[in-house]
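Here's the structure we're looking at; comments come further down.
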Amino acid sequence: MKEMSEEEFARLLDKKLREGLDAGEAKRLEIWLAGSAENRQAAAEIEAILNESRIKAPPADTQAELARLKARLHAAGTATEPQPPAAAGRRVLLHPFWAAAATLALVLCAAYFLTKNGRVELLSVSAPAGDMKRVELPDGSVATLRAGAVIRYSPDFRSAAAERRVLLSGEAFFEVKKNPAAAFVVEAGGCETRVLGTRFNVRALPDAPVTEIAVREGRVLVFSRKGNDQAILAPGQQAVFDNKTSGIKTKSVDTVAVAEWRSPELLFRQTLLRDVAERLSRRFGQPVVFENTALIEGCRYSAFFPEADLNAVLKNLESVFDLHTEPAPGGGYRLRGGRCPG
Amino acid sequence: MLAAMNIPANDAILLNRLRSGDEQALDELFVAWHGYLYKIAYAILHDTDAAKDAVQDVFIRIWQKRAEIDITSTLKGYLQRAAVNQCLMVLRRRKPASDPDIILVGMQDPAPSASDRLQAESLETLVQAAVEQLPEQCRLIFRLSRFEELSYNEIADLLDLSPKTVENQIGKALKSLRRTLAPWLAILLPVLPTTI
């Protein structure tokens, strides 16, 4: 008796909210809810649907409507023949047809998904080394691939009814055309990022310990493919997915820094030096490290470079913060000394 | 006044006045029941003007047929059934024009600013659009159930169905809505902790 169909628990939740359950029903629902987190999630979704589907009729002015009624009555006079009453039987003729049509549609959808899930050769697009590539996807969404990145997607991407799925290796910025009927899913590293229409960046470098997702606009859902963790991101938030543990941590990120690699410019607005170091390392693909830890947590930097050039940035940082730059033994740069200006 | 007291004796007096051609009685009846019947009509038709018209038509018919009105149950039951029948007739006439895909297609707006609106898009709008796509009878029953003043039994009564059918259709509607809205729910709903 523990098994309960989705229809049944949905009905019980509705009844509970409307007129209350009897003891037996309440017990069944309680057992079912305690059964799994999935069940509780389903219940939360059903309750949200019930809440949002409440009929909220815009107000109607009774007195104005009464005046209109009287006007109609007197204009028509009592001689007007009323329309013949609706024959109850006619309704019965129509409904089975529509019910059957709906059922047929469902069956067609099911058949469609079965073929879709069979093995399909995926299309593959990649950006050459040293250059980025703009890819227009069949649904009108645009993926900008950073040098070396590869995306793959199914040839029936556009017509796929349930979701639009792409596989990513490397870093790419997505501008997704909104479609509430089909989520756009980016599979990268060990995680999936699910959106409906938004702009976001996914960085999934091969052999990197983490996969990072940052949002420029809209909201995205990131979850581990193992199902052990998930996060919802708003603009200015970044998820760091640990490819080993499948754990997700979130942190804030300046929206101008999201996918800044797409533009030749480099802009810092009151950016903490800690974040400056991170952005430079990422942008130029080599570690840039400030040795003075007090400095990186306390000082902010504002600068604009129309053409991003690491040497120019380092030179400017040296002069603003009184630093000394030297190449680091393992590659990249180390910045020593320094103090906040003013 | 009348609605608040809802005393059968008063209803009977009012009906007698109506039968004898007292137009004041029609006004009283209208004022007492308009709000309630309008909400039922809106639940079914989902259109303010159509709902107002439907209620008007109910009262016009009552006035025209006043001599023959014979209420076997309650005044409320009589009026809500008249309103539902009127709305069903409107729906039948409307059918050729209605295309269940219209709303969601309209929402796949390719305008460049579409993404800007994602956050403004409320779950309510999406739910309403998904309800539009339910099969007709399922949609009708579900809508009436979401007008929270009608019980399962009342809905069953109004539509000449068994209460069991009504309950089943509501379950079906919710299941189908959850499927349609799954990608949105994943984004818009807070995710519950996986362990408690």
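Here's how to read the names in the structure tokens: chain A, B, ... by the order shown, residue numbers from 1 in each chain, ligand numbers from 1 in the order shown.
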field: 10 Å contact set for Ala204 in chain A, only C-alpha atoms, chain neighbours under 6 positions out, as a ChimeraX atom specification
entry: /A:149,168-172,187-191,210-213,241,243
Dump of N, CA and C atoms for the selected residues, as a PDB file, in the first residue's frame:
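Heads up, here's the output in again-v3.pdb:
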```pdb
ATOM      1  N   ALA A 149      37.626  25.244 -26.923  1.00  0.00           N
ATOM      2  CA  ALA A 149      36.392  24.649 -26.396  1.00  0.00           C
ATOM      3  C   ALA A 149      35.648  23.861 -27.474  1.00  0.00           C
ATOM      4  N   LEU A 168      29.573  20.223 -23.193  1.00  0.00           N
ATOM      5  CA  LEU A 168      30.655  21.205 -23.326  1.00  0.00           C
ATOM      6  C   LEU A 168      31.945  20.695 -22.704  1.00  0.00           C
ATOM      7  N   SER A 169      33.031  20.937 -23.434  1.00  0.00           N
ATOM      8  CA  SER A 169      34.352  20.787 -22.845  1.00  0.00           C
ATOM      9  C   SER A 169      35.074  22.094 -23.129  1.00  0.00           C
ATOM     10  N   GLY A 170      35.663  22.701 -22.105  1.00  0.00           N
ATOM     11  CA  GLY A 170      36.283  24.005 -22.277  1.00  0.00           C
ATOM     12  C   GLY A 170      35.368  25.097 -21.744  1.00  0.00           C
ATOM     13  N   GLU A 171      35.571  26.311 -22.213  1.00  0.00           N
ATOM     14  CA  GLU A 171      34.805  27.423 -21.673  1.00  0.00           C
ATOM     15  C   GLU A 171      33.925  28.043 -22.765  1.00  0.00           C
ATOM     16  N   ALA A 172      32.699  28.351 -22.416  1.00  0.00           N
ATOM     17  CA  ALA A 172      31.794  28.960 -23.393  1.00  0.00           C
ATOM     18  C   ALA A 172      30.785  29.846 -22.690  1.00  0.00           C
ATOM     19  N   GLU A 187      25.751  20.267 -20.276  1.00  0.00           N
ATOM     20  CA  GLU A 187      26.369  19.194 -19.518  1.00  0.00           C
ATOM     21  C   GLU A 187      27.875  19.394 -19.617  1.00  0.00           C
ATOM     22  N   ALA A 188      28.526  19.553 -18.472  1.00  0.00           N
ATOM     23  CA  ALA A 188      29.972  19.807 -18.498  1.00  0.00           C
ATOM     24  C   ALA A 188      30.569  19.339 -17.190  1.00  0.00           C
ATOM     25  N   GLY A 189      31.786  18.799 -17.235  1.00  0.00           N
ATOM     26  CA  GLY A 189      32.366  18.245 -16.022  1.00  0.00           C
ATOM     27  C   GLY A 189      31.398  17.194 -15.518  1.00  0.00           C
ATOM     28  N   GLY A 190      31.127  17.198 -14.245  1.00  0.00           N
ATOM     29  CA  GLY A 190      30.164  16.226 -13.721  1.00  0.00           C
ATOM     30  C   GLY A 190      28.854  16.893 -13.376  1.00  0.00           C
ATOM     31  N   CYS A 191      28.595  18.074 -13.971  1.00  0.00           N
ATOM     32  CA  CYS A 191      27.383  18.757 -13.558  1.00  0.00           C
ATOM     33  C   CYS A 191      26.564  19.230 -14.751  1.00  0.00           C
ATOM     34  N   VAL A 210      37.801  21.803 -10.990  1.00  0.00           N
ATOM     35  CA  VAL A 210      36.451  22.347 -10.791  1.00  0.00           C
ATOM     36  C   VAL A 210      35.822  22.762 -12.119  1.00  0.00           C
ATOM     37  N   THR A 211      34.483  22.841 -12.118  1.00  0.00           N
ATOM     38  CA  THR A 211      33.738  23.411 -13.238  1.00  0.00           C
ATOM     39  C   THR A 211      33.029  24.639 -12.680  1.00  0.00           C
ATOM     40  N   GLU A 212      33.130  25.759 -13.396  1.00  0.00           N
ATOM     41  CA  GLU A 212      32.548  26.979 -12.852  1.00  0.00           C
ATOM     42  C   GLU A 212      31.436  27.500 -13.751  1.00  0.00           C
ATOM     43  N   ILE A 213      30.373  27.933 -13.112  1.00  0.00           N
ATOM     44  CA  ILE A 213      29.243  28.483 -13.858  1.00  0.00           C
ATOM     45  C   ILE A 213      28.956  29.865 -13.278  1.00  0.00           C
ATOM     46  N   PHE A 241      31.825  23.969  -8.990  1.00  0.00           N
ATOM     47  CA  PHE A 241      31.475  22.556  -8.858  1.00  0.00           C
ATOM     48  C   PHE A 241      32.758  21.754  -8.731  1.00  0.00           C
ATOM     49  N   ASN A 243      34.749  18.709  -9.247  1.00  0.00           N
ATOM     50  CA  ASN A 243      34.589  17.544 -10.115  1.00  0.00           C
ATOM     51  C   ASN A 243      34.836  16.218  -9.386  1.00  0.00           C
TER      52      ASN A 243
END
```
message: Give me the residues near Ala147 in chain A as an MDAnalysis selection string, where near means some atom within 6 Å (using only C-alpha atoms) and where sequence neighbours in that chain fewer than 3 positions away do not count.
response: chainID A and resid 127:132
With all heavy atoms kept, could you save the residues just selected as a PDB file, in the first residue's frame?
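That gives us result_38.pdb:
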```
ATOM      1  N   ALA A 127      36.202  25.537 -31.223  1.00  0.00           N
ATOM      2  CA  ALA A 127      36.906  26.779 -31.527  1.00  0.00           C
ATOM      3  C   ALA A 127      38.375  26.425 -31.704  1.00  0.00           C
ATOM      4  O   ALA A 127      38.918  25.645 -30.931  1.00  0.00           O
ATOM      5  CB  ALA A 127      36.733  27.769 -30.382  1.00  0.00           C
ATOM      6  N   PRO A 128      39.038  26.987 -32.733  1.00  0.00           N
ATOM      7  CA  PRO A 128      40.453  26.667 -32.937  1.00  0.00           C
ATOM      8  C   PRO A 128      41.298  27.219 -31.795  1.00  0.00           C
ATOM      9  O   PRO A 128      40.880  28.141 -31.096  1.00  0.00           O
ATOM     10  CB  PRO A 128      40.767  27.385 -34.260  1.00  0.00           C
ATOM     11  CG  PRO A 128      39.756  28.477 -34.365  1.00  0.00           C
ATOM     12  CD  PRO A 128      38.523  27.976 -33.684  1.00  0.00           C
ATOM     13  N   ALA A 129      42.499  26.672 -31.623  1.00  0.00           N
ATOM     14  CA  ALA A 129      43.414  27.192 -30.604  1.00  0.00           C
ATOM     15  C   ALA A 129      43.692  28.652 -30.929  1.00  0.00           C
ATOM     16  O   ALA A 129      43.849  29.017 -32.087  1.00  0.00           O
ATOM     17  CB  ALA A 129      44.705  26.381 -30.610  1.00  0.00           C
ATOM     18  N   GLY A 130      43.682  29.475 -29.909  1.00  0.00           N
ATOM     19  CA  GLY A 130      44.047  30.872 -30.118  1.00  0.00           C
ATOM     20  C   GLY A 130      42.929  31.764 -30.632  1.00  0.00           C
ATOM     21  O   GLY A 130      43.124  32.954 -30.832  1.00  0.00           O
ATOM     22  N   ASP A 131      41.755  31.219 -30.852  1.00  0.00           N
ATOM     23  CA  ASP A 131      40.682  32.088 -31.319  1.00  0.00           C
ATOM     24  C   ASP A 131      39.340  31.619 -30.741  1.00  0.00           C
ATOM     25  O   ASP A 131      39.165  30.462 -30.420  1.00  0.00           O
ATOM     26  CB  ASP A 131      40.619  32.052 -32.854  1.00  0.00           C
ATOM     27  CG  ASP A 131      39.921  33.293 -33.404  1.00  0.00           C
ATOM     28  OD1 ASP A 131      39.530  34.167 -32.602  1.00  0.00           O
ATOM     29  OD2 ASP A 131      39.756  33.365 -34.629  1.00  0.00           O
ATOM     30  N   MET A 132      38.406  32.555 -30.657  1.00  0.00           N
ATOM     31  CA  MET A 132      37.083  32.157 -30.169  1.00  0.00           C
ATOM     32  C   MET A 132      36.160  31.937 -31.356  1.00  0.00           C
ATOM     33  O   MET A 132      36.446  32.337 -32.482  1.00  0.00           O
ATOM     34  CB  MET A 132      36.510  33.203 -29.213  1.00  0.00           C
ATOM     35  CG  MET A 132      36.282  34.568 -29.802  1.00  0.00           C
ATOM     36  SD  MET A 132      35.558  35.695 -28.585  1.00  0.00           S
ATOM     37  CE  MET A 132      36.996  36.258 -27.693  1.00  0.00           C
TER      38      MET A 132
END
```
message: When you look at range 57-60 of chain B with a cut-off of 12 Å (counting only C-alpha atoms), what residues show up, excluding the ones that are within fewer than 4 positions of it in the same chain? I need them as a PyMOL selection string.
response: (chain A and resi 65-66+68-83+85) or (chain B and resi 18+23+25-31+33-34+37-38+41+50-53+64-66+78-87+89-90)
Quick one: write out the picked residues with C-alpha atoms as a tab-separated table (two decimals), in the first residue's frame?
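Wrote selection06.tsv, looks like this:
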```tsv
chain	number	residue	atom	x	y	z
A	65	GLU	CA	-23.42	45.50	-14.46
A	66	LEU	CA	-26.92	45.90	-13.01
A	68	ARG	CA	-26.20	47.31	-18.12
A	69	LEU	CA	-28.61	44.46	-17.45
A	70	LYS	CA	-31.55	46.87	-17.10
A	71	ALA	CA	-30.55	48.69	-20.27
A	72	ARG	CA	-30.38	45.39	-22.16
A	73	LEU	CA	-33.71	44.21	-20.76
A	74	HIS	CA	-35.52	47.37	-21.71
A	75	ALA	CA	-33.88	47.66	-25.10
A	76	ALA	CA	-34.70	44.07	-25.94
A	77	GLY	CA	-38.19	44.24	-24.48
A	78	THR	CA	-39.71	41.15	-23.00
A	79	ALA	CA	-40.76	39.93	-26.42
A	80	THR	CA	-37.27	38.81	-27.36
A	81	GLU	CA	-37.22	35.08	-27.72
A	82	PRO	CA	-34.67	33.59	-25.38
A	83	GLN	CA	-32.15	31.21	-26.89
A	85	PRO	CA	-31.76	25.85	-23.66
B	18	LEU	CA	-40.10	37.75	-9.40
B	23	GLU	CA	-38.52	44.05	-11.46
B	25	ALA	CA	-36.90	41.54	-7.15
B	26	LEU	CA	-34.67	40.94	-10.18
B	27	ASP	CA	-32.41	43.79	-9.03
B	28	GLU	CA	-32.15	42.32	-5.56
B	29	LEU	CA	-31.38	38.90	-6.94
B	30	PHE	CA	-28.73	40.36	-9.23
B	31	VAL	CA	-27.04	42.40	-6.52
B	33	TRP	CA	-25.57	36.89	-6.58
B	34	HIS	CA	-23.70	38.75	-9.28
B	37	LEU	CA	-21.75	33.91	-10.32
B	38	TYR	CA	-19.26	36.19	-12.07
B	41	ALA	CA	-18.08	32.28	-14.96
B	50	ALA	CA	-17.18	37.00	-21.50
B	51	ALA	CA	-17.82	36.22	-17.82
B	52	LYS	CA	-19.80	39.43	-17.31
B	53	ASP	CA	-21.84	38.75	-20.43
B	64	GLN	CA	-37.80	36.16	-19.55
B	65	LYS	CA	-38.68	32.79	-18.08
B	66	ARG	CA	-39.74	34.11	-14.69
B	78	TYR	CA	-30.22	26.80	-9.33
B	79	LEU	CA	-28.24	29.95	-10.09
B	80	GLN	CA	-24.83	28.33	-10.18
B	81	ARG	CA	-26.10	25.60	-12.47
B	82	ALA	CA	-27.63	28.20	-14.77
B	83	ALA	CA	-24.33	30.08	-14.83
B	84	VAL	CA	-22.31	26.94	-15.56
B	85	ASN	CA	-24.66	25.89	-18.37
B	86	GLN	CA	-24.50	29.33	-19.90
B	87	CYS	CA	-20.69	29.28	-19.79
B	89	MET	CA	-22.64	27.05	-24.16
B	90	VAL	CA	-20.25	29.97	-24.67
```
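For the set A:Ser281, A:Ser5, A:Ser302, A:Gln41, the residue with the smallest atom-to-atom gap to chain B is A:Gln41, counting only C-alpha atoms.
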task: Tell me, as a PyMOL selection string, which residues lie within 10 Å of Leu15 in chain B, counting only C-alpha atoms; anything in the same chain fewer than 2 positions away does not count.
output: chain B and resi 9-13+17-22+25-26+29+66-67+69-71+75
message: Counting only C-alpha atoms, which residue out of A:Leu323, A:Val150, A:Val215, A:Ala37 sits closest to chain B?
response: A:Ala37
